[in-house]
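For reference, the structure is listed below as structure tokens.
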Amino acid sequence: MARTAAPPAPLACSYLHPGGGRGGLLGWVLTTDHKRIALLYLYSILGFVAVGVALGLLMRLELIAPGRTIVGASTYNALFTLHGVIMIFLFIIPGIPAIFGNFILPLQIGARDVAFPRLNLLSWHCYIAGAILAVTALFTGGGPPDTGWTFYAPYSIRTTTNVTLAVFAAFVLGFSSILTGLNFIVTIHRLRARGMGWFRLPLFVWSLYSTAWIQLLATPILAITLLLVMMERLFGLGLFDPARGGDPLLYQHLFWIYSHPAVYIMILPAMGVVSEILPTFARRTIFGYKAIAFSSMAIALFGYLVWGHHMFTSGMSDTSRWIFSLLTFLVAIPSAVKVFNWTATLYKGSIDASPPLLFVFAFVFLFMIGGLTGLMQGALSVNVHVHDTAFVVGHFHYVMFGGAGFGLMAALLYWFPKIFGRLYPRRPVYIALGVLFAGFNLLYFPMLVLGWMGQPRRYYDYLPQFQTGHLISTIGSWVLLVGLLILTVTLMRAARRGPWAPPDPWGGTTLEWRTASPPPVENFAVEPAVTGRPYDYGALGRGAAAPEGR
Amino acid sequence: MSRGMGSTLAAPAQTAHHRDAVGAKLGMWLFLFTELLLFGGLFLLYAVYRTRFPSDFHFAATTLDPLVGTVNTLILLTSSLTMVLAVAALERGRRRAAQAFLAATMALGALFLANKASEWAAKIGHGLFPRSGLLLDRTDGENLFYGLYYGMTGLHALHVLVGLGILAVIWGLLARGPRRGGEAAAERGTERLGSEAAAERGTERLGSEAAAERGIQLENAGLYWHLVDVVWIYLFPLFYLIS
Amino acid sequence: MEQRPLNGYGTYLLVWSALVVLTAVTVTVAGLHLARWSALAAILVATIKGSLVLLYFMHLRREAAIIKVSLLVALLTWTVTLALTFADVAFR
Ligand code: HEM
């Protein structure tokens, strides 16, 4: 390979090529090294994203013109169900914590590994088992599930499609999520390096900590809900069956008691990533460290109080509707605290417009659109109008994809040199970002407009007057795909033959930059001691030079 | 567990976290919280349906025998006692006693399950089970009561079953004795430890590592067992004492 | 590892006796047919019993603050979900 002019790299003892021990595939799938587990997650998650994106593109293709284009109604139902299940349970919920939390958390707190390394491996095995079950559900039983990713009762209990197995898959995936959260909490409590007090934790760690609590305290509710759906289907307990006094709205309550906090499982780690990247490239300490740390906890807390806003039109009581609406407005406050602090961090910074930073800007922009459209729907009167329309679909793609998804890409770009020990060229990444950003807005902004005009969601067909918007949206999906491809190809090539990365290519101050890139198996040659706060740029000049384009 | 066998004494801080007793305990408690919320979902359903159909619930509960429930409650409470005694015994280094208490716990757990099974069998024999013709003719509230009854006691019984499995594994580990500790003791030329006092010192100093690990495992298993007991403490009045 | 005081076997026997007595109490109270109060009484007794198990059998008393606090958080979380659910079902 093209290593000619490269400086001697410390790869000989890195976690990628440790030498000794189990080699080959088994050395990976049975590893307890948090860094290797992180890579296992990275590759498996990206694999499922590819499938999910393909399904999304198929749906967009169907919607390019009114009437049946490539698939019929029931296939379309299966498509959005599968797309939703994959994107939610296999991509965005595990996403940042499982990949970057696993890799970076122990490094950032100066630990050798997570608290329970074997449990960590078990989480990944649960993830894979759940994924395999989900895929199996497509080809067995009564055909692919067609309920939407929400599995609403009573339809999920009556449909003849293979919901039982799909629900069980989500149940197993829940285990994976719980175990990861549990592991992180104990890790953060027990394994901080000497001198790493709570207010010296990097903000990414804080965000993972709040996320972990949600994973721990919300996921069991989903588990029991899904278990009940299975019991209903297998034994007919009748708890959600209106024919026998059961109340389907209670299914919705239980489902959203988990699934609303779950959206914070998706977004909080991305916010943590942003809080890491901004100070590094503004060469300034973060503005309002404590405010950001506590707002993470506040979001985790408020996240439990607002689930009812998914049910405004379900027929629940008026009292609860205004309560939930009020609480929904409150949850915007801690999010806004973060955005203001980030902006203040940039003020008078010496900004290096590196790829991770630009992705963060894209994140902030798209997340703000997502957040503001969210606020709109928090208002009862607007909600009644836009409920179950494409407006909602646009909104949650802005939040989940524009927010959490772009956050994940920013994290990948930021920690890429640490993970692979290689640098990537800047120019293609800039191009990818431009294309992605354009494609994203072309794809989803029309959905906001169409929804506002009355286009319902989960329909494979539409009225002719919506044609233009749908056409733009479908073209946008292709543009987006091109952006994703440029990014993927660039990074894949860089991971194999980019120039070697120094330990701290960006001039970051947190502990992960104090060890080699890629890190050795034991993470640090000597356990690092922490003497101050993170992001202390103080009088220091810039760190090592940033990678330049080739 | 196998890592660092020979070098544990030499490498203090670095390997310490592989057997961090406090961390393991914290982890176990966190897991218990998930269990609490898992059952919590069902308790929530119970609360709603009971407030909605109070008289149906009272009527449906007349088919449950409070005596069976009470006996099972006493069995489970006693099993909790023997469980905690097992932990206490091991803390004092009395491995045999711990094993005996553990065996008693398992026996009581099995008895509980046997009772539960016969109760279920009788109900099903009378045609009282979800979607049975008998039940479908009854009111909504009664149907829901039975749905909850089977769902909640079923999930609970499943937890007892899993608990029995865990206890059995730990019993097996204890039966093998503090192997590594024993070897270490022999290596260092200590005399045979016959009396209990010596054994206590033995767990303290010599076989400390293996013994400590067994101690943590037993205690964590105990935590799980007690939590299952706590859940039953609530299930009992909610199903058996409302007729 | 920190050294903790051992609980005596006696304490455990005492706690167990209390649990048995409370079981008797709850069965008796249920027999009194106190109408709407009987549910409350049952929950109350169950909570006392549960606390005894938590505090003594599960040694919550001597646990670190983080465990006590987070147990409270977990219970509070459940209570909040219950309360907000009833904001719907109680007013429907
Ligand atoms: C190329 C990327 C993507 C495209 C083209 C795409 C497109 C779509 C389309 C057309 C729908 C169905 C709208 C309807 O008829 O109701 C949909 C639904 C959905 N998408 Fe995406 N999407 C993409 C990426 C993502 C990502 C990254 C996520 C999550 C992080 C996501 C999560 C969802 C969810 C949860 C649904 C709802 C499924 C349901 O209704 O049950 N999508 N998407």
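Labels used: A, B, ... for chains in the order of the structure tokens, numbers from 1 for residues in each chain, and numbers from 1 for ligands as shown.
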Any chance you could tabulate, as JSON lines, the residues of region 463-547 of chain A at most 8 Å from region 41-64 of chain A with each one's nearest atom pair and distance in Å to one decimal, using only C-alpha atoms, in chain and rising number order?
```
{"residue": "A:Gln467", "atom": "CA", "partner": "A:Ile64", "partner_atom": "CA", "distance": 7.5}
{"residue": "A:His470", "atom": "CA", "partner": "A:Ile64", "partner_atom": "CA", "distance": 5.9}
{"residue": "A:Leu471", "atom": "CA", "partner": "A:Ile64", "partner_atom": "CA", "distance": 5.2}
{"residue": "A:Ser473", "atom": "CA", "partner": "A:Arg60", "partner_atom": "CA", "distance": 7.5}
{"residue": "A:Thr474", "atom": "CA", "partner": "A:Arg60", "partner_atom": "CA", "distance": 5.2}
{"residue": "A:Ser477", "atom": "CA", "partner": "A:Leu57", "partner_atom": "CA", "distance": 6.5}
{"residue": "A:Trp478", "atom": "CA", "partner": "A:Leu57", "partner_atom": "CA", "distance": 7.7}
```
Please produce a file of those selected residues containing all heavy atoms, as a PDB file, in the first residue's frame.
```
ATOM      1  N   GLN A 467     -48.403  17.186  -7.134  1.00  0.00           N
ATOM      2  CA  GLN A 467     -47.363  16.587  -7.982  1.00  0.00           C
ATOM      3  C   GLN A 467     -46.018  17.326  -7.915  1.00  0.00           C
ATOM      4  O   GLN A 467     -44.974  16.711  -7.731  1.00  0.00           O
ATOM      5  CB  GLN A 467     -47.884  16.547  -9.421  1.00  0.00           C
ATOM      6  CG  GLN A 467     -46.833  16.392 -10.496  1.00  0.00           C
ATOM      7  CD  GLN A 467     -46.606  14.930 -10.830  1.00  0.00           C
ATOM      8  OE1 GLN A 467     -47.500  14.256 -11.327  1.00  0.00           O
ATOM      9  NE2 GLN A 467     -45.418  14.431 -10.551  1.00  0.00           N
ATOM     10  N   HIS A 470     -44.002  16.780  -4.721  1.00  0.00           N
ATOM     11  CA  HIS A 470     -43.490  15.415  -4.636  1.00  0.00           C
ATOM     12  C   HIS A 470     -42.341  15.200  -5.603  1.00  0.00           C
ATOM     13  O   HIS A 470     -41.368  14.503  -5.276  1.00  0.00           O
ATOM     14  CB  HIS A 470     -44.614  14.416  -4.916  1.00  0.00           C
ATOM     15  CG  HIS A 470     -45.457  14.126  -3.707  1.00  0.00           C
ATOM     16  ND1 HIS A 470     -44.957  13.479  -2.610  1.00  0.00           N
ATOM     17  CD2 HIS A 470     -46.745  14.410  -3.418  1.00  0.00           C
ATOM     18  CE1 HIS A 470     -45.918  13.360  -1.694  1.00  0.00           C
ATOM     19  NE2 HIS A 470     -47.009  13.936  -2.155  1.00  0.00           N
ATOM     20  N   LEU A 471     -42.453  15.809  -6.776  1.00  0.00           N
ATOM     21  CA  LEU A 471     -41.378  15.646  -7.758  1.00  0.00           C
ATOM     22  C   LEU A 471     -40.081  16.245  -7.207  1.00  0.00           C
ATOM     23  O   LEU A 471     -39.023  15.607  -7.240  1.00  0.00           O
ATOM     24  CB  LEU A 471     -41.779  16.330  -9.071  1.00  0.00           C
ATOM     25  CG  LEU A 471     -40.775  16.121 -10.208  1.00  0.00           C
ATOM     26  CD1 LEU A 471     -40.697  14.645 -10.549  1.00  0.00           C
ATOM     27  CD2 LEU A 471     -41.174  16.935 -11.433  1.00  0.00           C
ATOM     28  N   SER A 473     -39.273  16.720  -4.186  1.00  0.00           N
ATOM     29  CA  SER A 473     -38.823  15.903  -3.072  1.00  0.00           C
ATOM     30  C   SER A 473     -38.084  14.656  -3.558  1.00  0.00           C
ATOM     31  O   SER A 473     -37.024  14.295  -3.045  1.00  0.00           O
ATOM     32  CB  SER A 473     -40.038  15.518  -2.225  1.00  0.00           C
ATOM     33  OG  SER A 473     -39.644  14.727  -1.155  1.00  0.00           O
ATOM     34  N   THR A 474     -38.639  14.010  -4.569  1.00  0.00           N
ATOM     35  CA  THR A 474     -37.990  12.797  -5.069  1.00  0.00           C
ATOM     36  C   THR A 474     -36.635  13.126  -5.687  1.00  0.00           C
ATOM     37  O   THR A 474     -35.655  12.401  -5.477  1.00  0.00           O
ATOM     38  CB  THR A 474     -38.895  12.102  -6.099  1.00  0.00           C
ATOM     39  OG1 THR A 474     -40.118  11.771  -5.458  1.00  0.00           O
ATOM     40  CG2 THR A 474     -38.243  10.851  -6.622  1.00  0.00           C
ATOM     41  N   SER A 477     -34.175  13.458  -3.073  1.00  0.00           N
ATOM     42  CA  SER A 477     -33.678  12.215  -2.492  1.00  0.00           C
ATOM     43  C   SER A 477     -32.490  11.688  -3.292  1.00  0.00           C
ATOM     44  O   SER A 477     -31.574  11.099  -2.738  1.00  0.00           O
ATOM     45  CB  SER A 477     -34.794  11.175  -2.412  1.00  0.00           C
ATOM     46  OG  SER A 477     -35.126  10.683  -3.695  1.00  0.00           O
ATOM     47  N   TRP A 478     -32.497  11.938  -4.620  1.00  0.00           N
ATOM     48  CA  TRP A 478     -31.355  11.474  -5.413  1.00  0.00           C
ATOM     49  C   TRP A 478     -30.127  12.325  -5.122  1.00  0.00           C
ATOM     50  O   TRP A 478     -29.012  11.812  -5.043  1.00  0.00           O
ATOM     51  CB  TRP A 478     -31.684  11.516  -6.916  1.00  0.00           C
ATOM     52  CG  TRP A 478     -32.869  10.662  -7.265  1.00  0.00           C
ATOM     53  CD1 TRP A 478     -33.295   9.557  -6.587  1.00  0.00           C
ATOM     54  CD2 TRP A 478     -33.783  10.847  -8.346  1.00  0.00           C
ATOM     55  NE1 TRP A 478     -34.413   9.041  -7.179  1.00  0.00           N
ATOM     56  CE2 TRP A 478     -34.741   9.807  -8.273  1.00  0.00           C
ATOM     57  CE3 TRP A 478     -33.889  11.782  -9.376  1.00  0.00           C
ATOM     58  CZ2 TRP A 478     -35.782   9.681  -9.184  1.00  0.00           C
ATOM     59  CZ3 TRP A 478     -34.915  11.650 -10.288  1.00  0.00           C
ATOM     60  CH2 TRP A 478     -35.860  10.614 -10.189  1.00  0.00           C
TER      61      TRP A 478
END
```
For region 40-56 of chain C, list every protein, DNA or RNA residue within 10 Å, evaluated using only C-alpha atoms, and leave out those in the same chain fewer than 5 positions away; present the list as an mmCIF file with C-alpha atoms, in the first residue's frame.
```cif
data_model
loop_
_atom_site.group_PDB
_atom_site.id
_atom_site.type_symbol
_atom_site.label_atom_id
_atom_site.label_comp_id
_atom_site.auth_asym_id
_atom_site.auth_seq_id
_atom_site.Cartn_x
_atom_site.Cartn_y
_atom_site.Cartn_z
ATOM 1 C CA LEU B 77 -41.112 -13.913 52.227
ATOM 2 C CA SER B 80 -36.180 -13.892 51.019
ATOM 3 C CA LEU B 81 -35.124 -14.544 54.584
ATOM 4 C CA VAL B 84 -30.351 -12.903 52.948
ATOM 5 C CA LEU B 223 -30.874 -8.379 45.166
ATOM 6 C CA HIS B 226 -35.645 -9.763 46.797
ATOM 7 C CA LEU B 227 -36.897 -7.503 44.059
ATOM 8 C CA ASP B 229 -40.341 -10.657 46.229
ATOM 9 C CA VAL B 230 -41.161 -6.943 46.418
ATOM 10 C CA VAL B 231 -43.156 -7.192 43.206
ATOM 11 C CA TRP B 232 -45.150 -10.063 44.667
ATOM 12 C CA ILE B 233 -45.772 -8.078 47.844
ATOM 13 C CA TYR B 234 -47.766 -5.691 45.672
ATOM 14 C CA LEU B 235 -49.362 -8.294 43.441
ATOM 15 C CA PHE B 236 -50.751 -10.214 46.376
ATOM 16 C CA PRO B 237 -53.223 -7.644 47.751
ATOM 17 C CA LEU B 238 -54.056 -6.325 44.296
ATOM 18 C CA LEU B 241 -57.530 -9.377 48.621
ATOM 19 C CA ILE B 242 -60.042 -7.285 46.710
ATOM 20 C CA ASN C 7 -25.936 -7.363 59.872
ATOM 21 C CA THR C 11 -32.017 -8.521 62.585
ATOM 22 C CA TYR C 12 -33.055 -10.566 59.609
ATOM 23 C CA VAL C 15 -37.555 -8.218 59.839
ATOM 24 C CA TRP C 16 -39.004 -11.467 58.588
ATOM 25 C CA ALA C 18 -42.469 -8.107 60.894
ATOM 26 C CA LEU C 19 -43.200 -9.096 57.294
ATOM 27 C CA VAL C 20 -45.266 -12.046 58.416
ATOM 28 C CA VAL C 21 -47.207 -9.918 60.881
ATOM 29 C CA LEU C 22 -47.858 -7.311 58.198
ATOM 30 C CA THR C 23 -49.130 -10.024 55.885
ATOM 31 C CA VAL C 25 -52.558 -7.377 58.977
ATOM 32 C CA THR C 26 -53.241 -6.859 55.310
ATOM 33 C CA VAL C 27 -55.328 -10.020 55.088
ATOM 34 C CA VAL C 29 -57.892 -5.446 56.924
ATOM 35 C CA ALA C 30 -59.077 -6.735 53.575
ATOM 36 C CA LEU C 34 -63.559 -0.862 54.337
ATOM 37 C CA ALA C 35 -64.852 -0.063 50.877
ATOM 38 C CA ARG C 61 -29.676 1.363 54.316
ATOM 39 C CA ARG C 62 -25.953 0.971 53.957
ATOM 40 C CA GLU C 63 -25.788 1.638 50.216
#
```
How would you report the residues lying within 7 Å of ligand 1, as a ChimeraX atom specification, if you count only C-alpha atoms and all ligand atoms? /A:52-53,56-57,59-60,80-81,83-85,87-88,91-92,148-150,390,393,397,400-401,405,457-460,477,480-481
Considering only C-alpha atoms, can you say which of A:Leu179, A:Leu408, A:Ile369, A:Leu346 comes closest to chain B? A:Leu179
Enumerate the residues of chain C with a DSSP assignment of alpha helix (DSSP H), computed from the backbone, and present them as JSON, numbers by chain. {"C": [9, 10, 11, 12, 13, 14, 15, 16, 17, 18, 19, 20, 21, 22, 23, 24, 25, 26, 27, 28, 29, 30, 31, 36, 37, 38, 39, 40, 41, 42, 43, 44, 45, 46, 47, 48, 49, 50, 51, 52, 65, 66, 67, 68, 69, 70, 71, 72, 73, 74, 75, 76, 77, 78, 79, 80, 81, 82, 83, 84, 85, 86, 87, 88, 89]}
Can you list every residue of chain A that has an atom at most 9 Å from chain C, with its nearest atom pair and the distance in Å to one decimal, using only C-alpha atoms, ordered by chain then number, as a tab-separated table?
```
residue	atom	partner	partner_atom	distance
A:Leu217	CA	C:Ala74	CA	6.7
A:Ala218	CA	C:Thr77	CA	8.9
A:Leu250	CA	C:Thr85	CA	8.3
A:His253	CA	C:Thr85	CA	7.0
A:Leu254	CA	C:Thr81	CA	8.9
A:Ile257	CA	C:Thr81	CA	7.2
A:Leu301	CA	C:Thr77	CA	8.8
A:Tyr304	CA	C:Thr81	CA	7.5
A:Leu305	CA	C:Val80	CA	7.6
A:Gly308	CA	C:Leu84	CA	8.5
A:Gly315	CA	C:Arg92	CA	8.4
A:Met316	CA	C:Asp88	CA	5.7
A:Ser317	CA	C:Arg92	CA	4.4
A:Asp318	CA	C:Arg92	CA	7.5
A:Thr319	CA	C:Ala87	CA	6.5
A:Ser320	CA	C:Asp88	CA	5.0
A:Arg321	CA	C:Asp88	CA	7.9
A:Ile323	CA	C:Ala87	CA	8.2
A:Phe324	CA	C:Leu84	CA	8.5
```
I need the chosen residues saved as an mmCIF file, in the first residue's frame, with N, CA, C and O atoms.
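File produced: selection-v8.cif:
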```cif
data_model
loop_
_atom_site.group_PDB
_atom_site.id
_atom_site.type_symbol
_atom_site.label_atom_id
_atom_site.label_comp_id
_atom_site.auth_asym_id
_atom_site.auth_seq_id
_atom_site.Cartn_x
_atom_site.Cartn_y
_atom_site.Cartn_z
ATOM 1 N N LEU A 217 -34.291 4.031 32.024
ATOM 2 C CA LEU A 217 -35.593 4.182 32.671
ATOM 3 C C LEU A 217 -36.765 4.235 31.698
ATOM 4 O O LEU A 217 -37.904 4.185 32.112
ATOM 5 N N ALA A 218 -36.504 4.360 30.418
ATOM 6 C CA ALA A 218 -37.617 4.402 29.477
ATOM 7 C C ALA A 218 -37.767 3.086 28.718
ATOM 8 O O ALA A 218 -38.878 2.615 28.490
ATOM 9 N N LEU A 250 -54.398 3.213 25.756
ATOM 10 C CA LEU A 250 -53.350 2.902 26.730
ATOM 11 C C LEU A 250 -52.119 2.335 26.035
ATOM 12 O O LEU A 250 -50.995 2.517 26.485
ATOM 13 N N HIS A 253 -50.349 5.394 25.030
ATOM 14 C CA HIS A 253 -49.666 5.997 26.178
ATOM 15 C C HIS A 253 -48.356 5.265 26.460
ATOM 16 O O HIS A 253 -47.288 5.873 26.515
ATOM 17 N N LEU A 254 -48.467 3.954 26.645
ATOM 18 C CA LEU A 254 -47.260 3.199 26.993
ATOM 19 C C LEU A 254 -46.195 3.343 25.916
ATOM 20 O O LEU A 254 -45.011 3.527 26.206
ATOM 21 N N ILE A 257 -44.686 6.754 26.181
ATOM 22 C CA ILE A 257 -43.917 6.963 27.419
ATOM 23 C C ILE A 257 -42.469 6.573 27.156
ATOM 24 O O ILE A 257 -41.544 7.191 27.665
ATOM 25 N N LEU A 301 -35.008 14.872 31.750
ATOM 26 C CA LEU A 301 -36.112 14.909 32.702
ATOM 27 C C LEU A 301 -37.419 15.321 32.029
ATOM 28 O O LEU A 301 -38.438 14.632 32.099
ATOM 29 N N TYR A 304 -39.709 13.106 29.796
ATOM 30 C CA TYR A 304 -40.718 12.184 30.298
ATOM 31 C C TYR A 304 -42.103 12.802 30.389
ATOM 32 O O TYR A 304 -43.071 12.102 30.643
ATOM 33 N N LEU A 305 -42.173 14.097 30.255
ATOM 34 C CA LEU A 305 -43.421 14.760 30.604
ATOM 35 C C LEU A 305 -44.269 15.131 29.403
ATOM 36 O O LEU A 305 -45.324 15.721 29.546
ATOM 37 N N GLY A 308 -47.584 12.904 25.580
ATOM 38 C CA GLY A 308 -48.956 13.024 25.094
ATOM 39 C C GLY A 308 -49.088 13.854 23.832
ATOM 40 O O GLY A 308 -50.123 13.795 23.159
ATOM 41 N N GLY A 315 -58.168 11.315 20.813
ATOM 42 C CA GLY A 315 -59.386 11.216 21.605
ATOM 43 C C GLY A 315 -59.115 11.178 23.085
ATOM 44 O O GLY A 315 -59.976 10.823 23.871
ATOM 45 N N MET A 316 -57.917 11.549 23.485
ATOM 46 C CA MET A 316 -57.689 11.587 24.921
ATOM 47 C C MET A 316 -58.308 12.859 25.515
ATOM 48 O O MET A 316 -58.755 13.739 24.781
ATOM 49 N N SER A 317 -58.309 12.954 26.843
ATOM 50 C CA SER A 317 -59.112 13.997 27.480
ATOM 51 C C SER A 317 -58.553 15.391 27.202
ATOM 52 O O SER A 317 -57.354 15.568 26.980
ATOM 53 N N ASP A 318 -59.435 16.377 27.212
ATOM 54 C CA ASP A 318 -59.009 17.756 26.962
ATOM 55 C C ASP A 318 -58.028 18.228 28.019
ATOM 56 O O ASP A 318 -57.057 18.926 27.717
ATOM 57 N N THR A 319 -58.300 17.847 29.277
ATOM 58 C CA THR A 319 -57.394 18.249 30.347
ATOM 59 C C THR A 319 -55.970 17.841 30.021
ATOM 60 O O THR A 319 -55.042 18.644 30.091
ATOM 61 N N SER A 320 -55.804 16.568 29.657
ATOM 62 C CA SER A 320 -54.444 16.106 29.404
ATOM 63 C C SER A 320 -53.885 16.774 28.164
ATOM 64 O O SER A 320 -52.677 16.976 28.059
ATOM 65 N N ARG A 321 -54.758 17.154 27.233
ATOM 66 C CA ARG A 321 -54.225 17.777 26.025
ATOM 67 C C ARG A 321 -53.565 19.109 26.351
ATOM 68 O O ARG A 321 -52.463 19.396 25.888
ATOM 69 N N ILE A 323 -52.445 20.088 29.247
ATOM 70 C CA ILE A 323 -51.264 19.858 30.102
ATOM 71 C C ILE A 323 -50.057 19.479 29.251
ATOM 72 O O ILE A 323 -48.968 20.042 29.373
ATOM 73 N N PHE A 324 -50.282 18.507 28.361
ATOM 74 C CA PHE A 324 -49.157 18.049 27.544
ATOM 75 C C PHE A 324 -48.668 19.149 26.608
ATOM 76 O O PHE A 324 -47.470 19.263 26.329
#
```
Out of A:Phe391, A:Tyr76, A:Phe329, A:Tyr424, which residue has the shortest atom-to-atom distance to Pro456 (chain A) when counting only C-alpha atoms? A:Phe391
Just checking: using only C-alpha atoms, which residue out of B:Leu36, B:Ile124, B:Val160, B:Leu174 ends up closest to chain A? B:Leu36
Restricting to only C-alpha atoms, whichever of A:Tyr127, A:Tyr155, A:Phe240, A:Trp28 is closest to chain B is A:Phe240
Quick one: which residues from chain A are at most 10 Å off chain B, using only C-alpha atoms, as a VMD selection string? chain A and resid 111 to 118 178 to 179 181 to 187 189 to 191 213 215 to 225 227 to 228 231 to 232 235 to 247 250 to 251 254 257 522 526 to 527
